[in-house]
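Worksheet: one structure, shown below.
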Amino acid sequence: MQAFAQLLDDLYFTNSTRSKERILATYLKKTPDPDRGWAVAAVAGTLNFDLFKRNLSRNLILDRMDEELFALSYDYVGELSETIALTWPVSADPVRINQLPSLTETIDEFKSRGKEGIRQYLVQLLDNMTPPQRWALLKLGTRGLRIGMSARSVKRTIANMKGVALEEIEELWHGLEPPYENLFAWIENNGEKPDVSQHISYLPVMLAHPLDEEKDLERITPQTHFVEWKWDGIRFQIASNGTEKKIFSRTGDDISHSFPDLVAAVDFNAVLDGELLVRPGGEIGSFNDLQQRLNKKKPSAALMAEKPAHFRAYDLLRLEEDNLRTLPLTQRRVALEKFHRGLDPDRFSLSEHLSFSSTDELLEMREKAAGSNGLLEGLMIKDKSSIYVAGRPKHAWYKWKCDPYLIDAVLMYAQRGHGKRSSFYSDYTFGLWNPDGQLLPIGKAYFGFTDAELKQLDTWIRGHKLQRFGPVQEVEKHLVFEVAFDSAHQSKRHKSGFALRFPRINRIRWDKPASQANYLEDLAKLAST
Amino acid sequence: MATGVTSGRNSVEDWINIRPEGLYCLPADTYIDPHKSVERAIITHGHADHARPGHGEIIATPETLAIMRTRYPDDSPKKVTGLSYKDPINLPGNVRLWLAPAGHILGSAQVVLEHCGKRIVISGDYKRHADPTCVPFEVVQCDVFVTEATFALPVFSHPPLENEIAKIIRSIDAFPEQTHLVGVYALGKCQRVMSALRSAGYDEPFFLHGALIKITELYESYGYEFGSWIPVGDLKGKEREALRGKVVLCPPGSLADRWSRTLPDPIPAMASGWMQIRARARQRRAEMALIISDHADWADLITTCEETGAEEIWITHGRVDALQYELNKRGISAKALDLVGREEEAE
């Protein structure tokens with residue numbers, strides 16, 4: 001537990017992803033099995049059991065501490081585990097232990113005990129721990145770790161230790177189980193690569209390059225390329241081996257729990273690549289509709305009825321035992337069309353191929369997408385001969401997005417960034433005028449400018465400070481940004497009533513007076529409801 | 001009770017008032033740590049929220065007076081009185097004044113006032129933890145004890161200084177290619193951290209931000225030694241590469257600001273009692289949270305209040321509710337003064 005608690009503390013306080021990965025790698029190299037595997041599970045969020053109930057620690061502390069003082073403390077700290085870790089009054093006659101048990105011993109001990117035994121063991125450990133160690137134990141025990149390290153980052157750490165591509169680990173990942181001894185044996189050349197063929201696992205996705213109109217457009221012909229709409233949804237993978245079924249995000253996270261309605265409709269043995277959409281009332285909904293389903297760990301039945309999940313299939317990667325990824329796209333498409341006929345049409349649909357005879361017609365279709373209120377982001381253009389490979393192979397697939405909308409907005413607030421940008425004001429909130437001559441915020445952006453521009457902006461902000469609200473610095477309302485965005489939606493998040501999809505700073509209009517920036521009503525015309 | 005003088009029917013409240021300017025001793029016409037300029041002031045210690053410029057007459061320890069001269073070179077009080085610890089003087093109105101060490105920073109004092117057989121101790125800011133850069137706190141028996149409550153919650157239990165200093169040493173071993181940038185307040189914290197690092201065997205020169213230099217020199221003039229140190233400003237351009245694996249000290253505001261951009265690969269650390277709370281450390285962007293406080297923690301606040309034997313505790317600022325509640329529970333009467341003008345953050 002000692003080394004594990006130290007690891008969590010180090011990860012917690014480190015800001016940069018790269019440093020976190022270095023810290024984790026160092027720990028994994030010097031920690032024996034199976035401790036390091038349990039640590040990986042704790043950090044990556046793959047533990048599937050609680051060591052004790054969240055209520056237990058709260059009840060224990062209230063048994064031994066003044067309720068009023070605990071309430072004042074909790075109110076001040078704002079986080080239960082940390083409050084308990086800091087205030088824990090050691091028992092009057094504590095059972096002293098010479099050395100804290102290892103992470104594995106701790107887990108095994110909790111798992112082997114009954115309710116009363118768990119209680120006693122937790123008290124004994126808390127009595128013998130420092131506050132950071134208590135915090136680590138309480139976070140581990142109820143799987144509430146929030147140390148700012150993603151599962152993907154853990155996988156990348158492991159990939160770097162082995163010197164393989166991230167995709168190789170991603171493909172293994174869902175076939176592995178804590179404490180990952182077979183994985184570490186392979187990493188340290190003491191064993192074979194783990195065989196995950198009996199498990200369903202995530203197949204790393206193939207991605208598209210942005211189309212370079214000058215160079216790439218001439219390559220595209222109806223004979224060589226398929227063209228499809230680029231939907232504004234979430235890229236998904238559905239994998240099933242007939243018994244197990246899972247939905248993976250583009251980064252390989254298992255997010256099945258958020259979409260039980262879709263999982264229930266899976267009755268095949270295959271892996272599909274496609275886009276997650278929602279279909280309120282039988283019509284494909286906007287990204288705004290979809291957003292209400294995202295990040296809901298347990299969606300309510302009402303929400304699922306109102307915004308049913310729908311899957312638009314792009315590709316078929318595996319069918320029963322056959323790996324189709326090595327076949328050209330034309331053959332995969334034939335297989336997909338045939339396969340699709342057997343699926344529930346309410347839940348699954350095929351991404352249609354758009355017919356075209358010239359690049360002019362492609363341009364027209366792209367215009368049409370631009371008028372779709374953000375439902376369609378543009379076109380996907382795929383080489384018919386392309387095999388399915390992870391990553392972004394050149395000239396295989398193109399995405400040709402609609403030109404973004406542009407609006408002139410006024411900088412209102414700035415915040416300092418993280419990591420390399422930690423001393424720079426690099427996050428900008430901007431707004432539009434209302435008829436009363438008031439600026440109301442519509443969004444926030446932190447990219448779209450060069451490093452040199454960042455420095456200029458930082459200097460400008462430091463010279464035009466107004467009030468400060470915690471980390472947020474208000475500035476004088478003088479500077480205009482030309483903001484690019486993919487679509488606008490009505491939203492309660494901002495006071496203005498609008499939110500932008502994918503906003504970025506297109507240009508800094510040093511020359512333009514703030515009074516000539518756009519009005520909210522200009523945005524209202526572009527917004528979908 | 002403990003003053004040894006017959007206790008009359010008088011109450012301390014009759015001659016010590018709360019005024020908009022601060023705590024006021026009526027018969028002596030004197031304020032203690034007023035936050036506005038007044039005719040006569042007793043100053044407990046040199047931190048800016050206690051020691052302000054513009055008073056007509058100042059009474060404080062010689063060290064505190066020196067700190068004030070350094071910080072406010074243009075201030076010109078009509079009269080200053082340097083008072084060593086436990087060296088009583090008489091103020092007008094039959095008030096006896098003496099100072100006792102508070103263990104907070106160089107020159108920090110508790111103000112002891114005696115009048116009509118009653119004694120009040122105004123402790124200013126104080127701590128009971130070890131500090132090699134000032135005289136340790138001494139308990140003074142009294143009728144009324146005035147205490148701060150900055151860290152008055154059970155969550156605040158300051159770890160031993162050595163533990164926190166070891167974090168820096170360990171990090172330098174692990175990341176010798178990075179600059180170890182420690183955010184410290186110029187007065188007190190900076191010198192305490194340097195001194196403790198020396199005790200832990202750190203023998204490289206320290207590199208100091210310009211804002212820390214004058215006060216450090218002042219400490220040296222009182223005989224405190226920090227070994228060799230170099231102003232960061234003396235290193236130009238490429239020379240700053242030499243800071244990798246070294247300890248650089250700066251004021252907290254410079255940790256993640258323009259100044260720190262010129263340092264090679266800094267790890268920002270912050271030394272403060274607030275670092276006990278994770279979210280506070282994250283707000284500060286500290287990647288190393290050093291729980292080093294110059295204030296008393298929860299246990300020490302309570303112990304101190306009890307040890308003074310005071311019948312009544314007056315609480316100036318901080319987590320007043322919790323301390324008042326706990327003292328009442330222990331049968332000690334306690335009340336909140338709600339003094340304005342105290343800065344919580346500067347710790």
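Please note that chains go A, B, ... in the order of the structure tokens, that every chain numbers its residues from 1, and that ligands are numbered from 1 in the order shown.
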Considering only C-alpha atoms, extract the chain A residues located within 7 Å of chain B and return them as a PDB file with C-alpha atoms, in the first residue's frame.
```pdb
ATOM      1  CA  PHE A  13      -0.057  16.356  -8.192  1.00  0.00           C
ATOM      2  CA  THR A  14       1.615  16.073 -11.581  1.00  0.00           C
ATOM      3  CA  ASN A  15      -0.026  18.103 -14.307  1.00  0.00           C
ATOM      4  CA  LEU A  69     -16.732  19.212  13.618  1.00  0.00           C
ATOM      5  CA  LEU A  72     -17.529  21.780   9.305  1.00  0.00           C
ATOM      6  CA  SER A  73     -14.486  19.890   8.033  1.00  0.00           C
ATOM      7  CA  VAL A  77     -12.620  20.252   2.201  1.00  0.00           C
ATOM      8  CA  THR A  83     -11.946  14.732   4.866  1.00  0.00           C
ATOM      9  CA  LEU A  86      -7.292  14.067   7.266  1.00  0.00           C
ATOM     10  CA  THR A  87      -9.514  13.902  10.334  1.00  0.00           C
ATOM     11  CA  SER A 422       0.539  27.279 -17.398  1.00  0.00           C
ATOM     12  CA  SER A 423       1.858  30.833 -17.243  1.00  0.00           C
TER      13      SER A 423
END
```
Every residue of stretch 288-321 of chain B that DSSP places in strand (DSSP E or B), as a ChimeraX atom specification: /B:288-290,312-318
In Å, how far is it from atom CA of A:Glu352 to atom CA of A:Pro280?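 Computing the Euclidean distance for atom CA of A:Glu352 and atom CA of A:Pro280 yields 20.3 Å.
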As number ranges by chain, please: the residues near B:Met68 (cut-off 7 Å, only C-alpha atoms, same-chain neighbours under 4 positions excluded). B: 46, 64, 72
Would you output that residue set with N, CA and C atoms, as a PDB file, in the first residue's frame?
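Resulting contents of part20.pdb:
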```
ATOM      1  N   GLY B  46       5.951  41.377  11.562  1.00  0.00           N
ATOM      2  CA  GLY B  46       6.138  42.192  10.373  1.00  0.00           C
ATOM      3  C   GLY B  46       5.307  41.868   9.148  1.00  0.00           C
ATOM      4  N   THR B  64      11.106  43.271  14.499  1.00  0.00           N
ATOM      5  CA  THR B  64       9.921  43.701  13.750  1.00  0.00           C
ATOM      6  C   THR B  64      10.094  45.117  13.223  1.00  0.00           C
ATOM      7  N   TYR B  72       8.982  49.282   4.477  1.00  0.00           N
ATOM      8  CA  TYR B  72       8.416  50.622   4.246  1.00  0.00           C
ATOM      9  C   TYR B  72       9.501  51.666   4.431  1.00  0.00           C
TER      10      TYR B  72
END
```
Tell me, as a list in words, which residues lie within 12 Å of B:Ile215, counting only C-alpha atoms; anything in the same chain fewer than 4 positions away does not count. Gly46, His47, Glu63, Thr64, Ala66, Ile67, Met68, Arg69, Thr70, Arg71, Ile105, Leu106, Tyr185, Ala186, Leu187, Gly188, Lys189, Cys190, Gln191, Leu208, His209, Gly210, Ala211, Tyr219, Glu220, Ser221, Tyr222 and Tyr224 of chain B
Tell me which protein, DNA and RNA residues are within 6 Å of stretch 38-42 of chain B, counting only C-alpha atoms, leaving out same-chain ones fewer than 3 positions away, and put them as a list of chain:residue names.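 My list of contacting residues is B:Thr30, B:Tyr31, B:Ile32, B:His55, B:Gly56, B:Glu57, B:Ile58, B:Ile59, B:Ala60.
Counting only C-alpha atoms and comparing A:Glu521, A:Glu167, A:Asp232, A:Asp66, the residue that lies closest to B:Lys329 is A:Asp66.
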Near-stretch 199-212 of chain A list (8 Å; only C-alpha atoms; drop same-chain fewer than 3 positions) as an MDAnalysis selection string: chainID A and resid 167 170:175 196 215:217 237 239:241 244:246 248 250:252 273 388:401
Any chance you can output those residues with N, CA and C atoms as a compact mmCIF listing (two decimals), in the first residue's frame?
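Result file result01.txt:
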```txt
# COMPACT_ATOMS: atom_id res chain seq x y z
N GLU A 167 -1.93 0.94 -30.50
CA GLU A 167 -2.99 0.10 -31.04
C GLU A 167 -2.82 -1.37 -30.63
N GLU A 170 -4.20 -1.63 -27.27
CA GLU A 170 -5.65 -1.44 -27.31
C GLU A 170 -6.36 -2.71 -27.77
N GLU A 171 -5.74 -3.38 -28.73
CA GLU A 171 -6.37 -4.59 -29.26
C GLU A 171 -6.37 -5.73 -28.22
N LEU A 172 -5.35 -5.73 -27.36
CA LEU A 172 -5.28 -6.76 -26.32
C LEU A 172 -6.20 -6.43 -25.14
N TRP A 173 -6.32 -5.14 -24.87
CA TRP A 173 -6.80 -4.64 -23.59
C TRP A 173 -8.05 -5.33 -23.04
N HIS A 174 -9.11 -5.36 -23.85
CA HIS A 174 -10.37 -5.87 -23.33
C HIS A 174 -10.39 -7.40 -23.21
N GLY A 175 -9.34 -8.03 -23.66
CA GLY A 175 -9.22 -9.48 -23.45
C GLY A 175 -8.39 -9.80 -22.22
N VAL A 196 -5.78 -13.37 -26.83
CA VAL A 196 -7.09 -12.83 -26.45
C VAL A 196 -8.16 -13.23 -27.46
N LYS A 215 -4.64 19.17 -54.05
CA LYS A 215 -3.87 17.98 -54.43
C LYS A 215 -4.74 16.74 -54.57
N ASP A 216 -5.73 16.60 -53.69
CA ASP A 216 -6.43 15.31 -53.60
C ASP A 216 -7.67 15.22 -54.47
N LEU A 217 -8.30 16.34 -54.73
CA LEU A 217 -9.60 16.30 -55.40
C LEU A 217 -9.51 15.59 -56.75
N GLN A 237 -17.67 1.59 -31.97
CA GLN A 237 -17.45 0.23 -32.46
C GLN A 237 -18.34 -0.70 -31.65
N ALA A 239 -18.94 -4.61 -30.77
CA ALA A 239 -18.27 -5.90 -30.90
C ALA A 239 -19.05 -6.95 -30.11
N SER A 240 -19.23 -8.10 -30.76
CA SER A 240 -19.90 -9.18 -30.06
C SER A 240 -19.34 -10.51 -30.55
N ASN A 241 -19.25 -11.46 -29.64
CA ASN A 241 -18.86 -12.80 -30.09
C ASN A 241 -20.01 -13.78 -29.89
N GLU A 244 -20.79 -12.40 -25.35
CA GLU A 244 -20.45 -11.08 -24.83
C GLU A 244 -20.74 -10.02 -25.89
N LYS A 245 -21.22 -8.85 -25.46
CA LYS A 245 -21.36 -7.74 -26.41
C LYS A 245 -20.85 -6.46 -25.75
N LYS A 246 -20.18 -5.65 -26.55
CA LYS A 246 -19.62 -4.42 -26.00
C LYS A 246 -19.67 -3.29 -27.01
N PHE A 248 -17.55 0.13 -27.84
CA PHE A 248 -16.32 0.85 -27.53
C PHE A 248 -16.34 2.25 -28.12
N ARG A 250 -14.17 5.58 -29.61
CA ARG A 250 -13.07 5.67 -30.56
C ARG A 250 -11.72 5.46 -29.90
N THR A 251 -11.64 5.76 -28.59
CA THR A 251 -10.38 5.58 -27.89
C THR A 251 -10.30 4.23 -27.18
N GLY A 252 -11.25 3.35 -27.46
CA GLY A 252 -11.15 2.00 -26.91
C GLY A 252 -11.71 1.84 -25.52
N ASP A 273 -18.07 -1.03 -37.40
CA ASP A 273 -17.56 0.33 -37.21
C ASP A 273 -18.64 1.29 -37.70
N TYR A 388 -8.52 -2.14 -44.06
CA TYR A 388 -8.80 -1.44 -42.80
C TYR A 388 -7.58 -1.54 -41.89
N VAL A 389 -6.91 -0.41 -41.69
CA VAL A 389 -5.76 -0.41 -40.79
C VAL A 389 -5.93 0.66 -39.72
N ALA A 390 -5.33 0.39 -38.58
CA ALA A 390 -5.44 1.35 -37.47
C ALA A 390 -4.70 2.62 -37.83
N GLY A 391 -5.19 3.74 -37.37
CA GLY A 391 -4.51 5.00 -37.58
C GLY A 391 -5.00 5.72 -38.82
N ARG A 392 -4.11 6.51 -39.41
CA ARG A 392 -4.49 7.43 -40.48
C ARG A 392 -3.62 7.21 -41.69
N PRO A 393 -3.83 6.12 -42.44
CA PRO A 393 -2.98 5.87 -43.61
C PRO A 393 -3.21 6.96 -44.68
N LYS A 394 -2.17 7.28 -45.42
CA LYS A 394 -2.26 8.34 -46.43
C LYS A 394 -3.12 7.91 -47.61
N HIS A 395 -3.92 8.82 -48.08
CA HIS A 395 -4.71 8.65 -49.31
C HIS A 395 -5.71 7.50 -49.28
N ALA A 396 -5.97 6.93 -48.15
CA ALA A 396 -6.96 5.86 -48.10
C ALA A 396 -8.36 6.48 -47.93
N TRP A 397 -8.53 7.23 -46.84
CA TRP A 397 -9.81 7.88 -46.57
C TRP A 397 -9.58 9.38 -46.42
N TYR A 398 -10.53 10.15 -46.95
CA TYR A 398 -10.49 11.60 -46.76
C TYR A 398 -11.74 12.06 -46.04
N LYS A 399 -11.60 13.08 -45.24
CA LYS A 399 -12.80 13.77 -44.76
C LYS A 399 -12.79 15.16 -45.38
N TRP A 400 -13.94 15.55 -45.88
CA TRP A 400 -14.02 16.87 -46.51
C TRP A 400 -15.11 17.63 -45.79
N LYS A 401 -14.69 18.37 -44.79
CA LYS A 401 -15.68 19.03 -43.94
C LYS A 401 -16.20 20.29 -44.61
```
List the neighbours of A:His494 out to 10 Å using only C-alpha atoms; skip same-chain residues closer than 4 positions along the sequence, and give me the result as a PyMOL selection string. chain A and resi 431+440-443+490+498-499
Preceding selection exported with N, CA and C atoms as an mmCIF file, in the first residue's frame:
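Generated file (again_13.cif):
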```cif
data_model
loop_
_atom_site.group_PDB
_atom_site.id
_atom_site.type_symbol
_atom_site.label_atom_id
_atom_site.label_comp_id
_atom_site.auth_asym_id
_atom_site.auth_seq_id
_atom_site.Cartn_x
_atom_site.Cartn_y
_atom_site.Cartn_z
ATOM 1 N N GLY A 431 -17.946 36.654 -26.383
ATOM 2 C CA GLY A 431 -19.391 36.836 -26.413
ATOM 3 C C GLY A 431 -19.832 37.739 -27.557
ATOM 4 N N LEU A 440 -22.822 38.968 -24.078
ATOM 5 C CA LEU A 440 -23.155 37.719 -23.401
ATOM 6 C C LEU A 440 -22.280 36.609 -23.965
ATOM 7 N N PRO A 441 -21.704 35.796 -23.068
ATOM 8 C CA PRO A 441 -20.769 34.775 -23.546
ATOM 9 C C PRO A 441 -21.458 33.693 -24.384
ATOM 10 N N ILE A 442 -20.788 33.253 -25.451
ATOM 11 C CA ILE A 442 -21.331 32.165 -26.274
ATOM 12 C C ILE A 442 -20.414 30.951 -26.303
ATOM 13 N N GLY A 443 -19.189 31.110 -25.877
ATOM 14 C CA GLY A 443 -18.313 29.940 -25.928
ATOM 15 C C GLY A 443 -16.913 30.251 -25.460
ATOM 16 N N GLN A 490 -29.096 25.935 -29.473
ATOM 17 C CA GLN A 490 -29.624 26.564 -28.270
ATOM 18 C C GLN A 490 -29.161 25.747 -27.077
ATOM 19 N N PHE A 498 -26.983 30.171 -26.200
ATOM 20 C CA PHE A 498 -26.437 29.432 -27.335
ATOM 21 C C PHE A 498 -25.135 28.745 -26.957
ATOM 22 N N ALA A 499 -24.846 27.670 -27.680
ATOM 23 C CA ALA A 499 -23.549 27.032 -27.532
ATOM 24 C C ALA A 499 -23.033 26.705 -28.925
#
```
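For stretch 208-296 of chain B, backbone-based DSSP labels the following residues as alpha helix (DSSP H): Ile213, Lys214, Ile215, Thr216, Glu217, Leu218, Tyr219, Glu220, Ser221, Arg278, Ala279, Arg280, Ala281, Arg282 and Gln283 of chain B.
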Residues of the last selection are to be written out with C-alpha atoms, as a PDB file, in the first residue's frame.
```pdb
ATOM      1  CA  ILE B 213      16.607  38.995  -1.127  1.00  0.00           C
ATOM      2  CA  LYS B 214      16.214  41.970   1.223  1.00  0.00           C
ATOM      3  CA  ILE B 215      14.434  40.062   3.957  1.00  0.00           C
ATOM      4  CA  THR B 216      16.889  37.194   3.703  1.00  0.00           C
ATOM      5  CA  GLU B 217      19.757  39.662   4.174  1.00  0.00           C
ATOM      6  CA  LEU B 218      17.939  41.081   7.167  1.00  0.00           C
ATOM      7  CA  TYR B 219      17.726  37.614   8.756  1.00  0.00           C
ATOM      8  CA  GLU B 220      21.457  37.202   8.104  1.00  0.00           C
ATOM      9  CA  SER B 221      22.140  40.460   9.892  1.00  0.00           C
ATOM     10  CA  ARG B 278      -5.519  18.798  -2.335  1.00  0.00           C
ATOM     11  CA  ALA B 279      -7.838  21.090  -4.215  1.00  0.00           C
ATOM     12  CA  ARG B 280      -5.991  24.102  -2.791  1.00  0.00           C
ATOM     13  CA  ALA B 281      -2.712  22.717  -4.037  1.00  0.00           C
ATOM     14  CA  ARG B 282      -4.189  22.125  -7.486  1.00  0.00           C
ATOM     15  CA  GLN B 283      -5.542  25.671  -7.604  1.00  0.00           C
TER      16      GLN B 283
END
```
